[in-house]
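Asker: Sharing query_23.txt, compact mmCIF, C-alpha atoms and all ligand atoms:
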```txt
# COMPACT_ATOMS: atom_id res chain seq x y z
CA SER A 1 24.78 91.76 100.44
CA VAL A 2 21.59 93.40 99.18
CA LEU A 3 20.52 93.89 102.79
CA ALA A 4 23.65 95.87 103.60
CA HIS A 5 22.92 97.94 100.48
CA VAL A 6 19.33 98.73 101.47
CA SER A 7 19.95 99.34 105.17
CA GLY A 8 21.32 102.84 104.54
CA ILE A 9 18.13 104.56 103.50
CA ASP A 10 16.63 107.06 105.84
CA LEU A 11 13.09 105.83 106.46
CA TYR A 12 10.03 107.96 106.78
CA VAL A 13 6.55 106.42 106.97
CA PRO A 14 3.93 108.93 105.88
CA GLY A 15 0.43 109.00 107.37
CA ARG A 16 -0.33 105.63 108.93
CA PRO A 17 -3.78 104.27 108.09
CA ILE A 18 -6.36 105.39 110.64
CA GLU A 19 -7.57 101.78 110.93
CA SER A 20 -4.26 100.61 112.35
CA VAL A 21 -4.02 103.57 114.76
CA ALA A 22 -7.58 102.86 115.90
CA ARG A 23 -6.95 99.13 116.38
CA GLU A 24 -3.85 99.81 118.44
CA HIS A 25 -5.80 102.04 120.84
CA GLY A 26 -9.08 100.10 120.85
CA ILE A 27 -10.98 103.00 119.26
CA GLU A 28 -13.65 102.73 116.54
CA PRO A 29 -12.04 104.04 113.30
CA SER A 30 -15.11 106.19 112.68
CA ALA A 31 -14.61 107.88 116.07
CA ILE A 32 -11.13 109.09 115.16
CA VAL A 33 -10.66 112.73 114.23
CA LYS A 34 -7.89 112.82 111.64
CA LEU A 35 -6.13 116.16 111.39
CA ALA A 36 -2.78 114.81 110.25
CA SER A 37 -2.37 115.17 106.49
CA ASN A 38 -3.88 118.50 105.41
CA GLU A 39 -6.69 116.83 103.49
CA ASN A 40 -10.02 118.51 102.76
CA PRO A 41 -12.39 117.83 105.69
CA PHE A 42 -15.36 118.40 103.36
CA GLY A 43 -14.14 115.60 101.10
CA MET A 44 -14.55 116.16 97.38
CA SER A 45 -16.98 117.94 95.10
CA PRO A 46 -20.21 115.94 94.58
CA ALA A 47 -19.35 116.07 90.87
CA ALA A 48 -16.08 114.22 91.51
CA ARG A 49 -17.85 111.67 93.71
CA GLN A 50 -20.35 111.13 90.92
CA ALA A 51 -17.58 110.64 88.34
CA ILE A 52 -16.02 107.89 90.46
CA ALA A 53 -19.32 106.22 91.43
CA SER A 54 -20.53 106.05 87.85
CA LEU A 55 -17.23 104.49 86.70
CA GLU A 56 -17.04 107.13 84.02
CA GLY A 57 -13.88 105.63 82.60
CA ASN A 58 -13.21 101.91 82.23
CA PRO A 59 -10.84 100.72 84.98
CA SER A 60 -10.36 97.41 83.16
CA ARG A 61 -8.43 99.24 80.45
CA TYR A 62 -5.17 101.11 80.94
CA PRO A 63 -5.67 104.82 81.51
CA ASP A 64 -4.89 107.44 78.89
CA SER A 65 -1.14 107.82 79.42
CA ASP A 66 -1.32 111.50 78.44
CA SER A 67 -4.38 112.22 80.63
CA VAL A 68 -5.60 114.24 77.64
CA ALA A 69 -9.07 115.09 78.98
CA LEU A 70 -7.66 116.32 82.28
CA ARG A 71 -4.71 118.09 80.65
CA ASP A 72 -7.04 119.92 78.26
CA ALA A 73 -9.49 120.79 81.03
CA LEU A 74 -6.57 122.25 83.00
CA ALA A 75 -5.29 124.09 79.91
CA GLY A 76 -8.73 125.69 79.58
CA HIS A 77 -9.01 126.49 83.27
CA LEU A 78 -5.50 127.97 83.52
CA LYS A 79 -5.44 129.46 80.00
CA GLN A 80 -2.21 127.53 79.42
CA ASP A 81 -0.74 125.65 76.50
CA PRO A 82 -1.48 121.93 77.15
CA GLN A 83 2.17 121.22 76.19
CA ARG A 84 3.17 123.03 79.37
CA ILE A 85 1.20 120.66 81.64
CA LEU A 86 2.25 117.26 83.00
CA ILE A 87 -0.32 115.23 84.94
CA ALA A 88 1.20 112.94 87.58
CA ALA A 89 0.35 110.67 90.52
CA GLY A 90 0.28 113.56 92.98
CA SER A 91 2.84 116.32 93.17
CA SER A 92 4.96 113.73 95.01
CA GLU A 93 5.62 111.99 91.69
CA LEU A 94 6.76 115.29 90.17
CA ILE A 95 9.15 115.97 93.07
CA LEU A 96 10.76 112.60 92.40
CA LEU A 97 10.80 113.17 88.61
CA ALA A 98 12.56 116.51 89.07
CA ALA A 99 15.19 114.86 91.28
CA ARG A 100 15.71 112.02 88.81
CA ALA A 101 15.93 114.41 85.88
CA PHE A 102 18.45 116.85 87.33
CA LEU A 103 20.44 115.09 90.01
CA GLU A 104 22.94 112.29 90.40
CA PRO A 105 25.72 111.54 92.87
CA GLY A 106 27.99 114.58 93.08
CA ARG A 107 25.11 116.99 92.43
CA ALA A 108 23.06 118.82 95.06
CA ALA A 109 19.70 120.49 95.64
CA VAL A 110 18.91 123.49 97.84
CA MET A 111 15.82 123.73 100.04
CA SER A 112 14.76 125.50 103.19
CA GLN A 113 14.99 124.07 106.68
CA TYR A 114 11.44 123.09 107.79
CA SER A 115 10.16 122.58 104.26
CA PHE A 116 8.35 119.54 102.89
CA ILE A 117 10.18 116.38 103.94
CA SER A 118 9.84 114.70 100.53
CA TYR A 119 12.25 117.15 98.90
CA GLY A 120 15.22 115.87 100.85
CA LEU A 121 14.11 112.26 100.54
CA ALA A 122 13.75 112.52 96.76
CA VAL A 123 17.15 114.18 96.46
CA ARG A 124 18.90 111.58 98.61
CA SER A 125 17.10 108.72 96.85
CA VAL A 126 19.08 109.53 93.69
CA GLY A 127 22.35 109.77 95.58
CA ALA A 128 22.58 113.57 95.55
CA GLU A 129 23.09 115.92 98.47
CA ALA A 130 20.25 117.90 100.08
CA ILE A 131 21.39 121.33 101.28
CA ALA A 132 18.92 122.65 103.87
CA VAL A 133 19.29 126.39 104.39
CA PRO A 134 18.36 127.73 107.86
CA ALA A 135 14.87 129.21 107.98
CA LEU A 136 14.14 132.92 108.42
CA ASP A 137 11.07 133.71 110.53
CA TRP A 138 9.99 130.08 110.00
CA GLY A 139 9.94 130.56 106.22
CA HIS A 140 12.47 130.51 103.39
CA ASP A 141 15.54 132.72 103.63
CA LEU A 142 15.74 133.39 99.89
CA LYS A 143 18.99 135.37 100.11
CA ARG A 144 20.79 132.53 101.87
CA MET A 145 19.20 130.00 99.53
CA LEU A 146 20.60 131.90 96.54
CA ALA A 147 23.99 132.09 98.20
CA ALA A 148 23.90 128.32 98.76
CA ILE A 149 23.69 127.62 95.01
CA ASP A 150 27.19 126.46 94.07
CA GLU A 151 28.40 124.61 90.97
CA ARG A 152 27.06 121.26 92.23
CA VAL A 153 23.50 122.52 92.59
CA ARG A 154 21.00 121.73 89.81
CA LEU A 155 17.72 122.01 91.70
CA VAL A 156 16.15 124.33 94.24
CA PHE A 157 12.81 123.83 95.99
CA ILE A 158 10.59 126.64 97.24
CA ALA A 159 7.10 126.12 98.70
CA SER A 160 4.49 128.81 99.16
CA PRO A 161 2.61 128.30 101.38
CA ASN A 162 5.20 126.11 103.02
CA ASN A 163 4.49 122.82 104.80
CA PRO A 164 4.78 122.41 107.82
CA THR A 165 5.15 126.07 108.86
CA GLY A 166 2.33 127.62 106.79
CA THR A 167 4.47 130.63 105.83
CA MET A 168 4.06 132.28 102.45
CA LEU A 169 6.44 134.15 100.13
CA SER A 170 5.38 137.41 98.49
CA LYS A 171 4.96 137.25 94.74
CA GLU A 172 7.65 139.93 94.34
CA ASP A 173 10.13 137.83 96.34
CA ILE A 174 9.30 134.76 94.27
CA GLU A 175 9.79 136.70 91.02
CA ARG A 176 13.11 138.17 92.14
CA PHE A 177 14.34 134.80 93.38
CA ILE A 178 13.59 132.94 90.15
CA ALA A 179 15.18 135.73 88.11
CA ALA A 180 18.35 135.48 90.22
CA VAL A 181 18.75 131.68 90.06
CA PRO A 182 21.28 130.61 87.37
CA SER A 183 19.49 129.32 84.26
CA ASN A 184 21.06 125.85 84.55
CA VAL A 185 19.35 125.30 87.91
CA LEU A 186 15.70 124.19 87.95
CA VAL A 187 13.45 126.05 90.41
CA VAL A 188 10.59 123.89 91.72
CA LEU A 189 7.85 126.18 93.01
CA ASP A 190 5.49 124.01 95.07
CA GLU A 191 1.98 125.45 95.26
CA ALA A 192 0.17 122.54 96.91
CA TYR A 193 -1.73 125.02 99.14
CA ARG A 194 -2.15 127.86 96.61
CA GLU A 195 -5.96 127.78 96.70
CA PHE A 196 -6.00 128.64 100.42
CA THR A 197 -4.20 131.94 99.92
CA PRO A 198 -5.78 135.32 99.07
CA ALA A 199 -6.05 135.54 95.26
CA GLU A 200 -4.24 138.88 95.11
CA HIS A 201 -1.16 137.39 96.80
CA ARG A 202 -0.77 134.44 94.44
CA PRO A 203 2.23 134.60 92.09
CA ASP A 204 1.49 135.23 88.41
CA VAL A 205 2.68 131.84 87.25
CA ASP A 206 1.84 132.60 83.62
CA LYS A 207 4.22 135.50 83.55
CA LEU A 208 6.91 133.50 85.36
CA LEU A 209 6.64 130.61 82.91
CA GLN A 210 6.89 132.96 79.93
CA ARG A 211 10.06 134.48 81.35
CA HIS A 212 11.86 131.45 82.76
CA ASP A 213 12.60 128.07 81.16
CA ASN A 214 14.05 126.78 84.42
CA LEU A 215 10.80 126.76 86.38
CA LEU A 216 8.55 123.85 87.33
CA VAL A 217 5.37 124.76 89.23
CA LEU A 218 3.69 121.99 91.24
CA ARG A 219 -0.02 121.81 92.01
CA THR A 220 -2.18 119.06 93.44
CA PHE A 221 -5.71 117.71 93.66
CA SER A 222 -4.91 116.28 97.12
CA LYS A 223 -5.62 119.37 99.20
CA VAL A 224 -8.51 121.74 98.46
CA TYR A 225 -9.91 119.42 95.75
CA GLY A 226 -10.17 116.59 98.28
CA LEU A 227 -8.76 113.81 96.08
CA ALA A 228 -5.71 112.82 98.17
CA GLY A 229 -6.54 109.11 97.97
CA LEU A 230 -6.72 109.13 94.18
CA ARG A 231 -3.19 110.52 93.75
CA VAL A 232 -3.32 113.24 91.13
CA GLY A 233 -1.38 116.45 90.69
CA TYR A 234 0.28 118.37 87.88
CA GLY A 235 3.34 120.31 86.90
CA LEU A 236 3.60 123.44 84.75
CA GLY A 237 6.76 124.22 82.81
CA HIS A 238 8.44 124.77 79.46
CA PRO A 239 7.17 122.22 76.89
CA ASP A 240 10.68 120.69 76.51
CA LEU A 241 11.02 120.30 80.28
CA ILE A 242 7.53 118.79 80.51
CA GLY A 243 8.32 116.42 77.62
CA TYR A 244 11.51 115.26 79.31
CA LEU A 245 9.86 114.65 82.68
CA LYS A 246 7.08 112.78 80.91
CA ARG A 247 9.62 110.36 79.42
CA LEU A 248 10.92 109.60 82.92
CA GLN A 249 7.44 108.98 84.30
CA LEU A 250 6.17 105.50 85.13
CA PRO A 251 3.86 104.38 82.30
CA PHE A 252 0.19 104.89 83.18
CA SER A 253 0.93 106.38 86.57
CA VAL A 254 -2.34 108.35 86.75
CA THR A 255 -5.31 106.02 87.14
CA VAL A 256 -8.60 106.08 85.24
CA ASN A 257 -10.58 107.18 88.31
CA ALA A 258 -8.07 109.86 89.20
CA GLN A 259 -8.28 111.42 85.75
CA HIS A 260 -12.08 111.42 85.63
CA ALA A 261 -12.57 112.64 89.19
CA ALA A 262 -10.04 115.43 88.70
CA VAL A 263 -11.81 116.70 85.56
CA ALA A 264 -15.09 116.79 87.50
CA ALA A 265 -13.47 118.39 90.55
CA LEU A 266 -11.86 121.07 88.41
CA GLY A 267 -15.27 121.91 86.98
CA ASP A 268 -16.66 122.70 90.44
CA GLN A 269 -14.81 125.88 91.37
CA ALA A 270 -17.67 126.91 93.66
CA PHE A 271 -16.72 123.97 95.89
CA VAL A 272 -13.08 125.11 95.91
CA GLU A 273 -14.15 128.62 96.93
CA GLN A 274 -16.43 127.33 99.69
CA CYS A 275 -13.78 125.04 101.15
CA SER A 276 -11.10 127.69 101.01
CA SER A 277 -13.36 130.20 102.71
CA ALA A 278 -14.46 127.71 105.40
CA ASN A 279 -10.78 126.92 106.00
CA LYS A 280 -10.03 130.57 106.58
CA THR A 281 -12.88 130.97 109.09
CA GLU A 282 -11.97 127.83 111.03
CA ARG A 283 -8.25 128.57 110.93
CA SER A 284 -8.87 132.02 112.44
CA ARG A 285 -11.07 130.50 115.14
CA LEU A 286 -8.48 127.84 115.95
CA CYS A 287 -5.68 130.41 116.14
CA ALA A 288 -7.75 132.82 118.26
CA GLU A 289 -8.36 130.00 120.73
CA LEU A 290 -4.64 129.08 120.81
CA GLU A 291 -3.83 132.73 121.36
CA ALA A 292 -6.34 132.98 124.21
CA ARG A 293 -4.66 130.01 125.88
CA GLY A 294 -1.19 131.45 125.42
CA ILE A 295 -0.14 128.66 123.04
CA ARG A 296 2.43 129.79 120.52
CA TYR A 297 1.66 129.10 116.85
CA ILE A 298 2.95 130.20 113.46
CA PRO A 299 0.42 132.28 111.51
CA SER A 300 -0.57 130.07 108.56
CA PHE A 301 -1.65 130.60 104.96
CA GLY A 302 -2.44 126.90 104.49
CA ASN A 303 -5.06 124.50 105.82
CA PHE A 304 -2.95 123.57 108.85
CA VAL A 305 -1.25 125.24 111.80
CA LEU A 306 2.08 124.56 113.51
CA LEU A 307 1.84 124.99 117.25
CA HIS A 308 4.22 124.80 120.18
CA VAL A 309 3.33 122.13 122.73
CA GLY A 310 6.60 121.43 124.55
CA ASP A 311 7.04 117.71 123.92
CA GLY A 312 5.58 117.12 120.45
CA PRO A 313 5.84 113.32 120.27
CA LYS A 314 4.35 112.95 123.77
CA VAL A 315 1.42 115.30 123.04
CA PHE A 316 0.91 113.45 119.75
CA ARG A 317 0.64 110.10 121.58
CA SER A 318 -1.68 111.49 124.26
CA LEU A 319 -3.95 112.96 121.60
CA VAL A 320 -4.03 109.65 119.72
CA GLU A 321 -5.19 107.90 122.90
CA ARG A 322 -8.04 110.41 122.94
CA GLY A 323 -8.96 109.75 119.32
CA ILE A 324 -7.29 112.78 117.75
CA VAL A 325 -4.57 112.18 115.18
CA VAL A 326 -2.33 115.15 114.38
CA ARG A 327 1.15 115.27 112.84
CA PRO A 328 4.25 115.10 115.03
CA VAL A 329 7.03 117.04 113.30
CA ALA A 330 10.11 115.83 115.18
CA ASN A 331 11.39 114.43 111.87
CA TYR A 332 11.48 118.04 110.64
CA GLY A 333 13.67 118.96 113.61
CA LEU A 334 10.64 120.45 115.39
CA LYS A 335 10.44 118.27 118.51
CA GLU A 336 8.50 120.81 120.54
CA TRP A 337 5.79 121.34 117.93
CA ILE A 338 2.86 119.55 116.33
CA ARG A 339 1.08 120.33 113.09
CA VAL A 340 -2.70 120.18 113.05
CA SER A 341 -4.84 120.29 109.92
CA VAL A 342 -7.85 122.59 109.98
CA GLY A 343 -10.90 120.31 110.10
CA LEU A 344 -14.65 120.73 110.34
CA THR A 345 -15.95 122.88 113.21
CA HIS A 346 -16.73 119.89 115.44
CA GLU A 347 -13.34 118.31 114.67
CA ASN A 348 -11.49 121.49 115.59
CA ASP A 349 -13.57 121.71 118.75
CA ALA A 350 -12.65 118.14 119.63
CA PHE A 351 -8.97 118.91 119.01
CA LEU A 352 -9.09 122.03 121.19
CA ARG A 353 -10.92 120.18 123.97
CA GLU A 354 -8.50 117.24 124.01
CA LEU A 355 -5.49 119.50 123.68
CA ARG A 356 -6.60 121.32 126.81
CA ALA A 357 -6.88 118.00 128.62
CA VAL A 358 -3.47 116.85 127.45
CA LEU A 359 -1.43 119.99 128.10
N1 LIG B 401 3.99 119.52 98.49
C1 LIG B 401 3.64 119.90 99.71
C2 LIG B 401 4.13 121.22 100.22
C3 LIG B 401 2.84 119.07 100.49
O1 LIG B 401 2.52 119.45 101.75
C4 LIG B 401 2.39 117.84 99.99
C5 LIG B 401 1.51 116.90 100.77
N2 LIG B 401 1.69 116.85 102.11
C6 LIG B 401 2.79 117.49 98.70
C7 LIG B 401 3.58 118.35 97.98
C8 LIG B 401 2.45 116.17 98.09
O2 LIG B 401 1.12 116.04 97.83
P1 LIG B 401 0.53 115.06 96.76
O3 LIG B 401 1.60 114.09 96.34
O4 LIG B 401 -0.59 114.38 97.43
O5 LIG B 401 0.11 115.91 95.60
```
Now, as a test, write the supplied structure out as structure tokens.
Ligand code: PMP
Answerer:
Amino acid sequence: SVLAHVSGIDLYVPGRPIESVAREHGIEPSAIVKLASNENPFGMSPAARQAIASLEGNPSRYPDSDSVALRDALAGHLKQDPQRILIAAGSSELILLAARAFLEPGRAAVMSQYSFISYGLAVRSVGAEAIAVPALDWGHDLKRMLAAIDERVRLVFIASPNNPTGTMLSKEDIERFIAAVPSNVLVVLDEAYREFTPAEHRPDVDKLLQRHDNLLVLRTFSKVYGLAGLRVGYGLGHPDLIGYLKRLQLPFSVTVNAQHAAVAALGDQAFVEQCSSANKTERSRLCAELEARGIRYIPSFGNFVLLHVGDGPKVFRSLVERGIVVRPVANYGLKEWIRVSVGLTHENDAFLRELRAVL
């Protein structure tokens, strides 16, 4: 029966709408502090807001399937060949495209324990095996990940900074790792949180792409650019790889509004700088306060912090009752921890206040 066929899939429901959480607990949606999905608490650049409000494109027509304006704006911004850029409906779409392109039953992908949950889901959704390599100091153990690449493996995921732990790989380690991976295995380097890291520590992706055909770099407009609800991200890779992934993509997957808002957002780098700098200040303040209270946390390079609370799901529920929504990470095998996004000053204060009450 079809129902027997579909019952096997391992379900994960990402970020429930705040409205339904609020309704369940009899709280006004506007009174909820949402620190669950690593979005930008400042929202988006006014230029992006303007692009959406003025209906710059025509949503009654299909979008440009090549997202040419956005692709060319990115090519200019990154000083990259446009043929090396694929625009997609968030980096999530690219994760799935990579899995569909390189895996099938009998094949496998390597990733780190405690890395983004979608990697394993994408891999299993195409019938392949996800090999999770034990973490080292909460981050990727690159040596063991290399050793885990056997003849079935066609894909390996690395994330820097990593979600949900916030750890970061050095650019030298990333370079050495990619150089050591066999050339028939695609390395997906996920840089969803790149803009939150110190510029001097960011890998030289240009150089890496020149050297390695088997590299796909993922970036997104969902985090520092504040466009999570519009679903737009991009991949960087060899033109042949990009062309192949493009042929697997759903037609018109990037909407008119997403393309226009992303072009405008990209043009406002001052906003990106401000948000990244505010994140750093608030993250330090949050961590200093956790430290003062003797709460264990993992030092983070992203816009979120993983902290030890004892019973994660219970603390999550108690916080929800108090109007604070964070991310329980039991589905990552981290039952004693919660992940909190760095919000605005008053949101972080509210989180710290309610956390004190709950613990
Ligand atoms: N990669 C990482 C590491 C993430 O944390 C996320 C979002 N949580 C994504 C990719 C997917 O983001 P999006 O599809 O919105 O670009």
Asker: Which one is closest to ligand LIG 401 (chain B): A:Lys280, A:Lys223, A:His5, A:Lys207? Count all atoms listed in the file.
Answerer: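 Going through A:Lys280, A:Lys223, A:His5, A:Lys207 one by one, the smallest distance to ligand LIG 401 (chain B) is for A:Lys223.
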Asker: Please provide as a PDB file with C-alpha atoms, in the frame of the given file all residues within 9 Å of A:Glu175, with the sequence filter that same-chain residues fewer than 6 positions apart are discarded (counting all atoms listed in the file).
Answerer:
```pdb
ATOM      1  CA  PRO A 203       2.230 134.600  92.090  1.00  0.00           C
ATOM      2  CA  ASP A 204       1.490 135.230  88.410  1.00  0.00           C
ATOM      3  CA  LEU A 208       6.910 133.500  85.360  1.00  0.00           C
TER       4      LEU A 208
END
```
Asker: Can you pull out every residue with an atom within 7 Å of ligand LIG 401 (chain B)? Use all atoms listed in the file and format it as JSON, numbers by chain.
Answerer: {"A": [37, 38, 89, 90, 91, 92, 93, 116, 159, 162, 163, 190, 191, 192, 219, 220, 221, 222, 228, 231, 232, 233]}
Asker: Have a look at A:Asn303, A:Ser253, A:Ser277, A:Ser318 and name the one nearest to A:Pro63; count all atoms listed in the file.
Answerer: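 Ranking A:Asn303, A:Ser253, A:Ser277, A:Ser318 by distance to A:Pro63, first place goes to A:Ser253.
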Asker: Give the answer as one residue: which of A:Gln249, A:Ser65, A:Ser20, A:Ser60 has the shortest atom-to-atom distance to A:Ala101, using only C-alpha atoms?
Answerer: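 Selected residue with least distance to A:Ala101: A:Gln249.
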Asker: Work out how far apart atom CA of A:Phe42 and atom CA of A:Phe351 are and give it in Å to one decimal.
Answerer: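 A separation of 16.9 Å between them.
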Asker: May I ask for the distance between atom CA of A:Glu28 and atom CA of A:Glu289, given in Å to one decimal place?
Answerer: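 Pair atom CA of A:Glu28 / atom CA of A:Glu289 returns 28.1 Å.
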Asker: What is the atom CA of A:Asp137-atom CA of A:Leu307 distance in Å, reported with one decimal?
Answerer: 14.4 Å
Asker: Using all atoms listed in the file, can you tell me which of A:Tyr234, A:Tyr332, A:Tyr297, A:Trp337 comes closest to A:Gly312?
Answerer: A:Trp337
Asker: Compare A:Ala130, A:Leu103, A:Ala109, A:Leu186 by their minimum atom-to-atom distance to A:Val217, counting all atoms listed in the file, and give me the closest one.
Answerer: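 For A:Val217, the nearest of the candidates is A:Leu186.
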Asker: Can you tell me, as a list in words, what residues are no more than 12 Å from A:Arg353 when counting only C-alpha atoms, ignoring any on the same chain fewer than 3 positions away?
Answerer: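 Counting only the stated atoms, we get Leu286, Glu289, Leu290, Arg293, Leu319, Arg322, Gly323, Ile324, His346, Glu347, Asn348, Asp349, Ala350, Arg356, Ala357, Val358 and Leu359 of chain A.
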Asker: Here's a test: counting all atoms listed in the file, identify every protein, DNA and RNA residue with an atom at most 12 Å from (3.6, 122.9, 113.1) in the file's coordinate frame, and state them as a PyMOL selection string.
Answerer: chain A and resi 35-38+114-116+138+162-167+296-300+302-310+312+316+326-342
